[in-house]
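As stored in final_34.txt (compact mmCIF, C-alpha atoms):
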```txt
# COMPACT_ATOMS: atom_id res chain seq x y z
CA MET A 1 -122.06 2.60 51.20
CA SER A 2 -124.43 5.57 51.03
CA LYS A 3 -124.19 8.13 48.22
CA GLY A 4 -122.47 10.54 50.63
CA GLU A 5 -119.94 7.93 51.68
CA GLN A 6 -119.24 7.07 48.03
CA THR A 7 -118.64 10.73 47.23
CA LYS A 8 -116.31 11.08 50.16
CA ALA A 9 -114.37 7.95 49.21
CA ALA A 10 -113.97 9.29 45.66
CA ILE A 11 -112.67 12.60 47.02
CA LEU A 12 -110.25 10.83 49.35
CA ASP A 13 -108.96 8.79 46.44
CA GLU A 14 -108.20 11.96 44.47
CA ALA A 15 -106.75 13.54 47.60
CA SER A 16 -104.39 10.62 48.25
CA ASP A 17 -103.07 10.81 44.69
CA LEU A 18 -102.59 14.54 45.02
CA ALA A 19 -100.77 14.02 48.35
CA SER A 20 -98.42 11.53 46.74
CA ARG A 21 -97.46 14.13 44.15
CA LEU A 22 -97.40 17.36 46.23
CA GLY A 23 -96.51 15.83 49.56
CA LEU A 24 -99.12 15.50 52.30
CA GLY A 25 -98.26 19.00 53.54
CA GLY A 26 -99.12 20.39 50.11
CA LEU A 27 -102.60 18.89 50.32
CA THR A 28 -105.00 21.62 51.41
CA ILE A 29 -108.68 22.36 50.87
CA GLY A 30 -107.49 24.85 48.23
CA THR A 31 -105.21 22.52 46.23
CA LEU A 32 -107.83 19.76 46.45
CA ALA A 33 -110.53 22.13 45.18
CA THR A 34 -108.37 23.04 42.19
CA ALA A 35 -107.51 19.41 41.41
CA THR A 36 -111.06 18.08 41.74
CA ARG A 37 -112.88 21.19 40.44
CA LEU A 38 -115.11 20.96 43.50
CA SER A 39 -115.94 24.10 45.44
CA LYS A 40 -114.06 24.85 48.64
CA SER A 41 -117.36 25.20 50.51
CA GLY A 42 -118.40 21.75 49.23
CA LEU A 43 -115.12 20.29 50.51
CA TYR A 44 -115.54 21.99 53.89
CA ALA A 45 -118.76 20.00 54.24
CA HIS A 46 -116.58 16.86 54.29
CA PHE A 47 -113.45 18.09 56.06
CA ALA A 48 -113.37 20.55 58.94
CA SER A 49 -109.81 21.71 58.23
CA LYS A 50 -106.65 21.05 56.26
CA GLU A 51 -105.37 18.95 59.14
CA SER A 52 -108.45 16.76 59.31
CA LEU A 53 -108.23 16.31 55.52
CA GLN A 54 -104.60 15.18 55.89
CA VAL A 55 -105.45 12.80 58.73
CA GLU A 56 -108.36 11.29 56.77
CA VAL A 57 -106.15 10.80 53.72
CA LEU A 58 -103.68 8.86 55.86
CA GLN A 59 -106.52 6.73 57.24
CA TYR A 60 -107.77 6.14 53.72
CA ALA A 61 -104.26 5.15 52.54
CA ARG A 62 -103.98 2.83 55.53
CA ASP A 63 -107.22 1.08 54.52
CA LEU A 64 -105.82 0.74 50.99
CA PHE A 65 -102.62 -0.76 52.43
CA THR A 66 -104.75 -3.27 54.31
CA ASP A 67 -106.60 -4.21 51.12
CA HIS A 68 -103.56 -4.34 48.83
CA VAL A 69 -100.90 -5.70 51.18
CA MET A 70 -102.24 -7.16 54.43
CA ARG A 71 -105.27 -9.12 53.16
CA PRO A 72 -103.48 -10.91 50.30
CA THR A 73 -100.51 -11.56 52.63
CA VAL A 74 -102.51 -13.51 55.20
CA LYS A 75 -103.84 -15.75 52.42
CA ALA A 76 -100.30 -17.11 51.96
CA PRO A 77 -99.31 -20.11 54.13
CA ARG A 78 -97.91 -19.20 57.56
CA GLY A 79 -94.15 -18.82 57.97
CA GLU A 80 -91.62 -17.99 55.27
CA PRO A 81 -94.18 -18.02 52.41
CA ARG A 82 -96.22 -15.38 54.23
CA PHE A 83 -93.12 -13.27 54.87
CA ARG A 84 -92.34 -13.47 51.14
CA ALA A 85 -95.91 -12.51 50.26
CA PHE A 86 -95.66 -9.48 52.56
CA PHE A 87 -92.51 -8.32 50.77
CA ASP A 88 -93.94 -8.92 47.27
CA ASN A 89 -97.20 -7.16 48.03
CA TRP A 90 -95.49 -4.25 49.76
CA LEU A 91 -93.06 -3.81 46.85
CA ALA A 92 -95.93 -3.85 44.35
CA TRP A 93 -97.92 -1.38 46.46
CA GLN A 94 -95.01 1.01 46.73
CA SER A 95 -94.23 0.77 43.02
CA ASN A 96 -97.69 1.03 41.56
CA ARG A 97 -100.37 2.38 43.84
CA PHE A 98 -99.62 6.11 43.79
CA ALA A 99 -98.48 8.25 40.87
CA GLY A 100 -96.10 10.21 43.09
CA GLY A 101 -94.58 7.44 45.22
CA CYS A 102 -95.65 5.96 48.53
CA ILE A 103 -97.61 8.49 50.54
CA PHE A 104 -96.25 7.09 53.84
CA VAL A 105 -92.59 7.38 52.80
CA ASP A 106 -93.03 10.95 51.65
CA ALA A 107 -95.07 11.94 54.71
CA ALA A 108 -92.48 10.42 57.08
CA SER A 109 -89.81 12.90 55.95
CA GLU A 110 -92.25 15.75 55.86
CA PHE A 111 -93.90 15.29 59.26
CA ASP A 112 -91.18 13.70 61.38
CA ASP A 113 -90.63 16.99 63.19
CA ARG A 114 -94.08 18.54 62.99
CA GLU A 115 -95.98 17.70 66.16
CA GLY A 116 -99.74 17.27 65.82
CA PRO A 117 -102.54 14.94 64.76
CA VAL A 118 -101.05 14.24 61.29
CA ARG A 119 -97.76 13.05 62.76
CA ASP A 120 -99.64 11.03 65.40
CA GLU A 121 -101.73 9.27 62.77
CA LEU A 122 -98.64 8.53 60.69
CA VAL A 123 -96.81 7.04 63.68
CA ARG A 124 -99.85 4.87 64.47
CA ALA A 125 -99.98 3.58 60.89
CA GLU A 126 -96.24 2.83 60.80
CA ARG A 127 -96.29 1.16 64.21
CA ASP A 128 -99.16 -1.10 63.11
CA LYS A 129 -97.30 -2.00 59.93
CA LEU A 130 -94.07 -2.81 61.79
CA GLU A 131 -96.01 -4.89 64.32
CA SER A 132 -97.70 -6.82 61.52
CA VAL A 133 -94.34 -7.55 59.90
CA ALA A 134 -92.88 -8.63 63.25
CA LEU A 135 -95.87 -10.94 63.80
CA VAL A 136 -95.38 -12.60 60.41
CA ILE A 137 -91.70 -13.14 61.32
CA SER A 138 -92.59 -14.55 64.76
CA THR A 139 -94.89 -17.00 63.04
CA ALA A 140 -92.06 -18.07 60.73
CA ILE A 141 -90.05 -18.82 63.88
CA SER A 142 -92.85 -20.81 65.50
CA GLU A 143 -93.37 -22.73 62.24
CA GLY A 144 -89.69 -23.73 62.40
CA HIS A 145 -88.80 -21.91 59.15
CA PHE A 146 -86.70 -19.24 60.87
CA ARG A 147 -84.21 -19.76 63.69
CA ALA A 148 -85.40 -19.30 67.27
CA ASP A 149 -82.82 -16.55 67.92
CA VAL A 150 -84.10 -14.35 65.08
CA ASP A 151 -85.21 -10.96 66.45
CA PRO A 152 -88.50 -10.04 64.72
CA GLN A 153 -88.03 -6.29 65.40
CA GLN A 154 -84.56 -6.43 63.88
CA VAL A 155 -85.77 -8.20 60.75
CA ALA A 156 -88.75 -5.83 60.45
CA TYR A 157 -86.28 -2.91 60.63
CA GLU A 158 -84.14 -4.43 57.89
CA LEU A 159 -87.16 -5.13 55.69
CA GLU A 160 -88.23 -1.50 56.08
CA GLY A 161 -84.70 -0.48 55.02
CA ILE A 162 -84.91 -2.58 51.85
CA LEU A 163 -88.24 -0.95 50.94
CA LEU A 164 -87.01 2.58 51.72
CA ALA A 165 -83.87 2.04 49.63
CA HIS A 166 -86.09 0.76 46.81
CA HIS A 167 -88.26 3.88 46.95
CA HIS A 168 -85.09 5.99 46.82
CA ALA A 169 -83.46 3.99 43.99
CA ARG A 170 -86.61 3.86 41.91
CA ARG A 171 -88.09 7.31 42.34
CA LEU A 172 -85.13 9.61 42.90
CA MET A 173 -82.32 7.75 41.13
CA ARG A 174 -84.57 6.10 38.48
CA ASP A 175 -82.27 3.13 38.75
CA PRO A 176 -83.43 0.37 36.35
CA ARG A 177 -81.92 -2.19 38.78
CA ALA A 178 -84.09 -1.02 41.72
CA ASP A 179 -86.37 -4.09 41.74
CA GLU A 180 -83.47 -6.49 41.30
CA LEU A 181 -81.48 -4.84 44.12
CA ALA A 182 -84.50 -5.02 46.46
CA ARG A 183 -85.12 -8.69 45.64
CA ARG A 184 -81.50 -9.68 46.17
CA ALA A 185 -81.38 -7.82 49.48
CA PHE A 186 -84.57 -9.61 50.54
CA GLU A 187 -83.16 -13.03 49.61
CA ARG A 188 -80.08 -12.33 51.71
CA LEU A 189 -82.30 -11.30 54.64
CA VAL A 190 -84.42 -14.46 54.36
CA GLU A 191 -81.35 -16.66 54.04
CA SER A 192 -79.84 -15.14 57.20
CA CYS A 193 -83.02 -16.03 59.14
CA ARG A 194 -83.50 -19.59 57.92
CA ALA A 195 -83.37 -22.44 60.39
CA HIS A 196 -82.17 -24.71 57.57
CA PRO A 197 -80.09 -22.64 55.12
CA ALA A 198 -80.68 -23.56 51.49
CA MET B 1 -62.18 33.52 52.49
CA SER B 2 -63.20 37.09 51.78
CA LYS B 3 -65.70 38.92 54.01
CA GLY B 4 -68.39 38.42 51.36
CA GLU B 5 -67.68 34.69 51.14
CA GLN B 6 -67.78 34.39 54.93
CA THR B 7 -71.14 36.12 55.03
CA LYS B 8 -72.49 33.84 52.34
CA ALA B 9 -71.21 30.71 54.12
CA ALA B 10 -72.91 31.87 57.34
CA ILE B 11 -76.17 32.43 55.47
CA LEU B 12 -75.94 29.00 53.81
CA ASP B 13 -75.39 27.41 57.21
CA GLU B 14 -78.58 29.00 58.55
CA ALA B 15 -80.37 28.07 55.34
CA SER B 16 -79.35 24.41 55.55
CA ASP B 17 -80.64 24.20 59.11
CA LEU B 18 -83.89 25.84 58.07
CA ALA B 19 -84.20 23.41 55.13
CA SER B 20 -83.75 20.45 57.47
CA ARG B 21 -86.68 21.68 59.55
CA LEU B 22 -89.07 23.01 56.87
CA GLY B 23 -88.02 20.76 54.01
CA LEU B 24 -85.93 22.10 51.16
CA GLY B 25 -89.12 23.15 49.33
CA GLY B 26 -90.08 25.32 52.30
CA LEU B 27 -86.81 27.22 52.03
CA THR B 28 -87.46 30.45 50.16
CA ILE B 29 -85.94 33.93 50.14
CA GLY B 30 -88.91 34.92 52.33
CA THR B 31 -88.59 32.19 54.99
CA LEU B 32 -84.82 32.70 55.06
CA ALA B 33 -85.25 36.45 55.53
CA THR B 34 -87.57 35.85 58.48
CA ALA B 35 -85.25 33.27 60.09
CA THR B 36 -82.06 35.30 59.65
CA ARG B 37 -83.62 38.79 60.08
CA LEU B 38 -81.80 39.82 56.92
CA SER B 39 -83.62 41.86 54.29
CA LYS B 40 -84.99 40.11 51.23
CA SER B 41 -83.12 42.55 48.99
CA GLY B 42 -79.89 41.71 50.84
CA LEU B 43 -80.51 38.01 50.24
CA TYR B 44 -81.29 38.59 46.56
CA ALA B 45 -77.76 39.99 46.28
CA HIS B 46 -76.52 36.47 47.13
CA PHE B 47 -79.17 34.27 45.48
CA ALA B 48 -80.88 35.02 42.19
CA SER B 49 -83.97 32.98 43.00
CA LYS B 50 -85.52 30.47 45.39
CA GLU B 51 -84.28 27.67 43.13
CA SER B 52 -80.70 28.87 43.10
CA LEU B 53 -80.87 29.21 46.90
CA GLN B 54 -82.07 25.59 47.17
CA VAL B 55 -79.35 24.35 44.78
CA GLU B 56 -76.64 26.24 46.70
CA VAL B 57 -77.87 24.82 50.00
CA LEU B 58 -77.55 21.31 48.57
CA GLN B 59 -74.02 22.10 47.37
CA TYR B 60 -73.18 23.48 50.80
CA ALA B 61 -74.58 20.35 52.50
CA ARG B 62 -72.57 18.22 50.09
CA ASP B 63 -69.37 20.02 51.11
CA LEU B 64 -70.30 19.42 54.75
CA PHE B 65 -70.83 15.73 53.99
CA THR B 66 -67.36 15.63 52.43
CA ASP B 67 -65.86 17.23 55.56
CA HIS B 68 -67.79 15.19 58.13
CA VAL B 69 -68.03 11.81 56.40
CA MET B 70 -65.71 11.40 53.40
CA ARG B 71 -62.51 12.99 54.71
CA PRO B 72 -62.42 11.12 58.05
CA THR B 73 -63.42 7.91 56.23
CA VAL B 74 -60.40 7.88 53.93
CA LYS B 75 -58.12 8.25 56.94
CA ALA B 76 -59.17 4.73 58.03
CA PRO B 77 -57.12 1.80 56.64
CA ARG B 78 -58.33 0.50 53.26
CA GLY B 79 -60.79 -2.40 53.19
CA GLU B 80 -63.25 -3.40 55.92
CA PRO B 81 -61.99 -0.77 58.43
CA ARG B 82 -62.71 1.98 55.91
CA PHE B 83 -66.18 0.56 55.18
CA ARG B 84 -66.87 0.59 58.93
CA ALA B 85 -65.62 4.16 59.21
CA PHE B 86 -67.95 5.20 56.39
CA PHE B 87 -70.91 3.71 58.22
CA ASP B 88 -69.96 5.22 61.60
CA ASN B 89 -69.37 8.68 60.15
CA TRP B 90 -72.53 8.60 58.06
CA LEU B 91 -74.62 7.49 61.05
CA ALA B 92 -73.16 10.29 63.20
CA TRP B 93 -73.74 12.84 60.42
CA GLN B 94 -77.34 11.79 59.98
CA SER B 95 -77.99 11.79 63.72
CA ASN B 96 -76.32 15.02 64.72
CA ARG B 97 -75.58 17.46 61.93
CA PHE B 98 -79.02 18.96 61.33
CA ALA B 99 -81.71 19.86 63.83
CA GLY B 100 -84.46 18.59 61.54
CA GLY B 101 -82.92 15.39 60.17
CA CYS B 102 -80.74 14.73 57.14
CA ILE B 103 -81.40 17.30 54.47
CA PHE B 104 -80.74 14.76 51.68
CA VAL B 105 -83.23 12.21 53.01
CA ASP B 106 -85.95 14.82 53.36
CA ALA B 107 -85.22 16.38 49.96
CA ALA B 108 -85.28 12.96 48.23
CA SER B 109 -88.96 12.45 49.11
CA GLU B 110 -89.80 16.04 48.35
CA PHE B 111 -88.10 16.40 44.97
CA ASP B 112 -88.22 12.89 43.51
CA ASP B 113 -90.97 13.92 41.16
CA ARG B 114 -90.21 17.61 40.68
CA GLU B 115 -88.06 18.00 37.55
CA GLY B 116 -85.57 20.84 37.57
CA PRO B 117 -82.16 21.99 38.79
CA VAL B 118 -82.84 21.11 42.45
CA ARG B 119 -83.67 17.51 41.62
CA ASP B 120 -80.66 17.34 39.25
CA GLU B 121 -78.30 18.57 41.97
CA LEU B 122 -79.75 16.09 44.46
CA VAL B 123 -79.32 13.18 42.05
CA ARG B 124 -75.71 14.22 41.40
CA ALA B 125 -74.97 14.33 45.14
CA GLU B 126 -76.60 10.95 45.78
CA ARG B 127 -74.85 9.34 42.80
CA ASP B 128 -71.48 10.60 44.03
CA LYS B 129 -72.20 9.23 47.51
CA LEU B 130 -73.25 5.81 46.19
CA GLU B 131 -70.18 5.67 43.95
CA SER B 132 -67.93 6.50 46.91
CA VAL B 133 -69.51 3.73 48.98
CA ALA B 134 -69.15 1.28 46.08
CA LEU B 135 -65.48 2.24 45.71
CA VAL B 136 -64.80 1.61 49.40
CA ILE B 137 -66.44 -1.82 49.01
CA SER B 138 -64.43 -2.62 45.87
CA THR B 139 -61.29 -1.81 47.80
CA ALA B 140 -62.35 -4.20 50.57
CA ILE B 141 -62.60 -6.88 47.86
CA SER B 142 -59.18 -6.09 46.39
CA GLU B 143 -57.70 -6.10 49.91
CA GLY B 144 -59.05 -9.62 50.33
CA HIS B 145 -61.37 -8.65 53.22
CA PHE B 146 -64.56 -9.17 51.22
CA ARG B 147 -65.33 -12.05 48.84
CA ALA B 148 -64.61 -11.56 45.14
CA ASP B 149 -68.25 -12.22 44.21
CA VAL B 150 -69.58 -9.37 46.40
CA ASP B 151 -71.47 -6.85 44.24
CA PRO B 152 -70.45 -3.34 45.40
CA GLN B 153 -73.65 -1.74 44.02
CA GLN B 154 -75.75 -4.29 45.88
CA VAL B 155 -73.95 -3.68 49.17
CA ALA B 156 -74.13 0.11 48.67
CA TYR B 157 -77.89 -0.27 48.17
CA GLU B 158 -78.23 -2.26 51.36
CA LEU B 159 -76.13 0.20 53.33
CA GLU B 160 -78.34 3.03 52.09
CA GLY B 161 -81.36 1.01 53.28
CA ILE B 162 -79.88 0.64 56.77
CA LEU B 163 -79.32 4.40 56.99
CA LEU B 164 -82.78 5.26 55.63
CA ALA B 165 -84.42 2.86 58.09
CA HIS B 166 -82.40 4.49 60.88
CA HIS B 167 -83.60 7.96 59.88
CA HIS B 168 -87.16 6.63 59.91
CA ALA B 169 -86.82 4.80 63.23
CA ARG B 170 -85.07 7.67 64.96
CA ARG B 171 -86.93 10.70 63.68
CA LEU B 172 -90.44 9.51 62.97
CA MET B 173 -90.80 6.58 65.38
CA ARG B 174 -88.42 7.99 68.04
CA ASP B 175 -87.37 4.41 68.64
CA PRO B 176 -84.73 4.28 71.40
CA ARG B 177 -83.35 1.13 69.71
CA ALA B 178 -82.68 2.93 66.40
CA ASP B 179 -78.88 3.02 66.76
CA GLU B 180 -78.71 -0.56 67.98
CA LEU B 181 -80.91 -1.80 65.11
CA ALA B 182 -78.74 0.03 62.57
CA ARG B 183 -75.53 -1.38 64.04
CA ARG B 184 -76.82 -4.93 64.11
CA ALA B 185 -78.02 -4.66 60.52
CA PHE B 186 -74.61 -3.33 59.53
CA GLU B 187 -72.80 -6.20 61.27
CA ARG B 188 -74.96 -8.70 59.40
CA LEU B 189 -74.16 -6.95 56.12
CA VAL B 190 -70.41 -6.97 56.80
CA GLU B 191 -70.51 -10.60 57.89
CA SER B 192 -72.27 -11.60 54.66
CA CYS B 193 -69.48 -9.95 52.63
CA ARG B 194 -66.48 -11.33 54.49
CA ALA B 195 -64.00 -13.55 52.67
CA HIS B 196 -63.21 -15.23 55.99
CA PRO B 197 -66.35 -15.23 58.19
CA ALA B 198 -65.65 -14.51 61.86
```
Show this structure as structure tokens.
Amino acid sequence: MSKGEQTKAAILDEASDLASRLGLGGLTIGTLATATRLSKSGLYAHFASKESLQVEVLQYARDLFTDHVMRPTVKAPRGEPRFRAFFDNWLAWQSNRFAGGCIFVDAASEFDDREGPVRDELVRAERDKLESVALVISTAISEGHFRADVDPQQVAYELEGILLAHHHARRLMRDPRADELARRAFERLVESCRAHPA
Amino acid sequence: MSKGEQTKAAILDEASDLASRLGLGGLTIGTLATATRLSKSGLYAHFASKESLQVEVLQYARDLFTDHVMRPTVKAPRGEPRFRAFFDNWLAWQSNRFAGGCIFVDAASEFDDREGPVRDELVRAERDKLESVALVISTAISEGHFRADVDPQQVAYELEGILLAHHHARRLMRDPRADELARRAFERLVESCRAHPA
């Protein structure tokens, strides 16, 4: 990484934290300048506009998700263990990575009805994530861990629901049982998929 | 309802629609004045501040939720039929009531880390909703429809997850299967609770 790339990565890291606290829509060249004490003109050298800043922050967060969730997940054995690893890593990511909660969850509510490049990037990221989950589930079927009639899209949807409910329980409701509720919901989901119920 | 109350209700209805599109945080005396073509000074006669406007919109939406979801739900027979009615009415509410998606879902992401009266009101509304769901589930246990070892809080959490995933699938991903995925997830949840599996 060149010096310029390092600087930009450091700025994007600050920007992603700021976005998790203010919402992605609240992330502008101006709010980023205030938070980082960098000049606006200096930031404009890296980002052409507020929108391109927001898109790049999503791409940065997506790379982080790959590093923190996807890479460790594929190290787990194929099938149910890998599905479990996906859940564990995703839960840890959502709980710990950003001060203000998962940037993707917050941005989904914010941008679901704002057409444009930010929404497009968000949809791409979410589609890739759902496809990765579905692939892990398909593999659990082909490994014989999950039943052949399990619908990977359906299970991916339900897993997403468990994670969204966890975000809600933990961040809005500050429910001390949030982790326990998520884990029990996940166990029920796994059990319902198993070819050979425990 | 007096003339003044009618006017205020009409303004709150516009305001709740605006909040569903802009996010509750984007709802201010200024944006409301522009959307309704009412004068700011006229609006200040109804709402002391942006914050009190946002709190009143949440209270208004909560009353709507009572009318559209809670009241028709308690008309269904106690037990599993009432739990099904809750789900059906909630799904319809979330899908149809607001142009820009459920105001509570959007506000949860927006206000989960902003301390103050808006967050407090939101937490109260969500706690009441979760308690109502848990009560309907408890009744299904006492009616003998659901098993005695079913944990109402756990099932309420999972139901919330199904609805949040539906909001995500429908509004962000524009997934034509969103309703079907939600219904299948719900059937699995009900089946897992039943005292006498079908």
For the interface of chain A with chain B (cut-off 9 Å, counting all atoms listed in the file), please tabulate each contacting residue of chain A alongside its nearest pair of atoms and their separation in Å to one decimal, rows sorted by chain and increasing number, as a Markdown table.
```
| residue | atom | partner | partner_atom | distance |
| --- | --- | --- | --- | --- |
| A:Arg21 | CA | B:Asp113 | CA | 7.1 |
| A:Leu22 | CA | B:Glu110 | CA | 8.0 |
| A:Gly23 | CA | B:Glu110 | CA | 6.8 |
| A:Gly100 | CA | B:Asp113 | CA | 6.6 |
| A:Gly101 | CA | B:Asp113 | CA | 8.5 |
| A:Val105 | CA | B:Ser109 | CA | 7.2 |
| A:Asp106 | CA | B:Ser109 | CA | 5.0 |
| A:Ala107 | CA | B:Ser109 | CA | 8.3 |
| A:Ala108 | CA | B:Leu172 | CA | 6.3 |
| A:Ser109 | CA | B:Asp106 | CA | 5.0 |
| A:Glu110 | CA | B:Gly23 | CA | 6.8 |
| A:Phe111 | CA | B:Leu172 | CA | 7.7 |
| A:Asp112 | CA | B:Leu172 | CA | 4.5 |
| A:Asp113 | CA | B:Gly100 | CA | 6.6 |
| A:Arg114 | CA | B:Arg21 | CA | 8.7 |
| A:Arg119 | CA | B:Leu172 | CA | 8.1 |
| A:Leu122 | CA | B:Leu172 | CA | 8.6 |
| A:Val123 | CA | B:Met173 | CA | 6.3 |
| A:Glu126 | CA | B:Met173 | CA | 8.0 |
| A:Arg127 | CA | B:Met173 | CA | 7.8 |
| A:Gln153 | CA | B:Leu181 | CA | 8.4 |
| A:Gln154 | CA | B:Leu181 | CA | 6.0 |
| A:Val155 | CA | B:Ala185 | CA | 8.5 |
| A:Tyr157 | CA | B:Ala165 | CA | 6.6 |
| A:Glu158 | CA | B:Ala185 | CA | 6.7 |
| A:Leu159 | CA | B:Ala165 | CA | 8.8 |
| A:Glu160 | CA | B:Ala165 | CA | 6.1 |
| A:Gly161 | CA | B:Gly161 | CA | 4.1 |
| A:Ile162 | CA | B:Gly161 | CA | 5.2 |
| A:Leu163 | CA | B:Gly161 | CA | 7.5 |
| A:Leu164 | CA | B:Gly161 | CA | 6.1 |
| A:Ala165 | CA | B:Gly161 | CA | 4.5 |
| A:His166 | CA | B:Gly161 | CA | 8.0 |
| A:His167 | CA | B:Ser109 | CA | 8.9 |
| A:His168 | CA | B:Ala108 | CA | 7.1 |
| A:Ala169 | CA | B:Tyr157 | CA | 8.2 |
| A:Arg171 | CA | B:Asp112 | CA | 5.7 |
| A:Leu172 | CA | B:Asp112 | CA | 4.5 |
| A:Met173 | CA | B:Val123 | CA | 6.3 |
| A:Ala178 | CA | B:Tyr157 | CA | 9.0 |
| A:Leu181 | CA | B:Gln154 | CA | 6.0 |
| A:Ala182 | CA | B:Tyr157 | CA | 8.3 |
| A:Arg184 | CA | B:Gln154 | CA | 7.9 |
| A:Ala185 | CA | B:Glu158 | CA | 6.7 |
| A:Arg188 | CA | B:Ser192 | CA | 8.4 |
| A:Ser192 | CA | B:Arg188 | CA | 8.4 |
```
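Put simply, atom CA of B:Leu24 is 6.6 Å away from atom CA of B:Gln54.
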Spatial neighbours of stretch 84-89 of chain A, max dist 6 Å, only C-alpha atoms, sep filter under 3 positions, as a PDB file with C-alpha atoms, in the coordinates of the input:
```pdb
ATOM      1  CA  VAL A  69    -100.900  -5.700  51.180  1.00  0.00           C
ATOM      2  CA  THR A  73    -100.510 -11.560  52.630  1.00  0.00           C
ATOM      3  CA  PRO A  81     -94.180 -18.020  52.410  1.00  0.00           C
ATOM      4  CA  ALA A  92     -95.930  -3.850  44.350  1.00  0.00           C
TER       5      ALA A  92
END
```
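Note that the spacing between atom CA of B:Leu38 and atom CA of B:Gly25 amounts to 19.7 Å.
Minimum atom-to-atom distance to B:Arg97, evaluated using only C-alpha atoms, belongs to B:Ser16 out of B:Ser2, B:Ser49, B:Ser16, B:Ser41.
Atom pair atom CA of A:Leu64 / atom CA of A:Ala125: separated by 11.8 Å.
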Report as a short mmCIF file (atom, residue, chain, number, x, y, z; two decimals) with C-alpha atoms, in the coordinates of the input all protein, DNA and RNA residues lying within 12 Å of B:Lys40, evaluated on all atoms listed in the file, omitting residues in the same chain fewer than 6 positions from it.
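The resulting selection03.cif:
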```
data_model
loop_
_atom_site.label_atom_id
_atom_site.label_comp_id
_atom_site.auth_asym_id
_atom_site.auth_seq_id
_atom_site.Cartn_x
_atom_site.Cartn_y
_atom_site.Cartn_z
CA THR B 28 -87.46 30.45 50.16
CA ILE B 29 -85.94 33.93 50.14
CA GLY B 30 -88.91 34.92 52.33
CA THR B 31 -88.59 32.19 54.99
CA LEU B 32 -84.82 32.70 55.06
CA ALA B 33 -85.25 36.45 55.53
CA THR B 34 -87.57 35.85 58.48
CA HIS B 46 -76.52 36.47 47.13
CA PHE B 47 -79.17 34.27 45.48
CA ALA B 48 -80.88 35.02 42.19
CA SER B 49 -83.97 32.98 43.00
CA LYS B 50 -85.52 30.47 45.39
#
```
Counting all atoms listed in the file, which of A:Ala19, A:Leu58, A:Thr36, A:Pro72 gets nearest to A:Phe98? A:Ala19
Would you pick out the contacts of B:Met70 at 9 Å or less, using all atoms listed in the file, so that residues sharing its chain but fewer than 4 positions from it are not included, and give the list as a PyMOL selection string? chain B and resi 65-66+74-75+86+89-90+132
Show me, as a ChimeraX atom specification, the residues that have an atom within 10 Å of A:Leu135 when counting all atoms listed in the file, minus same-chain residues fewer than 2 positions from it. /A:79,83,129-133,137-141,152-153,156
Would you mind exporting the chosen residues as a JSON list (two decimals), in the frame of the given file, restricted to C-alpha atoms?
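The resulting file, result.json, is shown below:
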```json
[["chain", "number", "residue", "atom", "x", "y", "z"],
["A", 79, "GLY", "CA", -94.15, -18.82, 57.97],
["A", 83, "PHE", "CA", -93.12, -13.27, 54.87],
["A", 129, "LYS", "CA", -97.30, -2.00, 59.93],
["A", 130, "LEU", "CA", -94.07, -2.81, 61.79],
["A", 131, "GLU", "CA", -96.01, -4.89, 64.32],
["A", 132, "SER", "CA", -97.70, -6.82, 61.52],
["A", 133, "VAL", "CA", -94.34, -7.55, 59.90],
["A", 137, "ILE", "CA", -91.70, -13.14, 61.32],
["A", 138, "SER", "CA", -92.59, -14.55, 64.76],
["A", 139, "THR", "CA", -94.89, -17.00, 63.04],
["A", 140, "ALA", "CA", -92.06, -18.07, 60.73],
["A", 141, "ILE", "CA", -90.05, -18.82, 63.88],
["A", 152, "PRO", "CA", -88.50, -10.04, 64.72],
["A", 153, "GLN", "CA", -88.03, -6.29, 65.40],
["A", 156, "ALA", "CA", -88.75, -5.83, 60.45]]
```
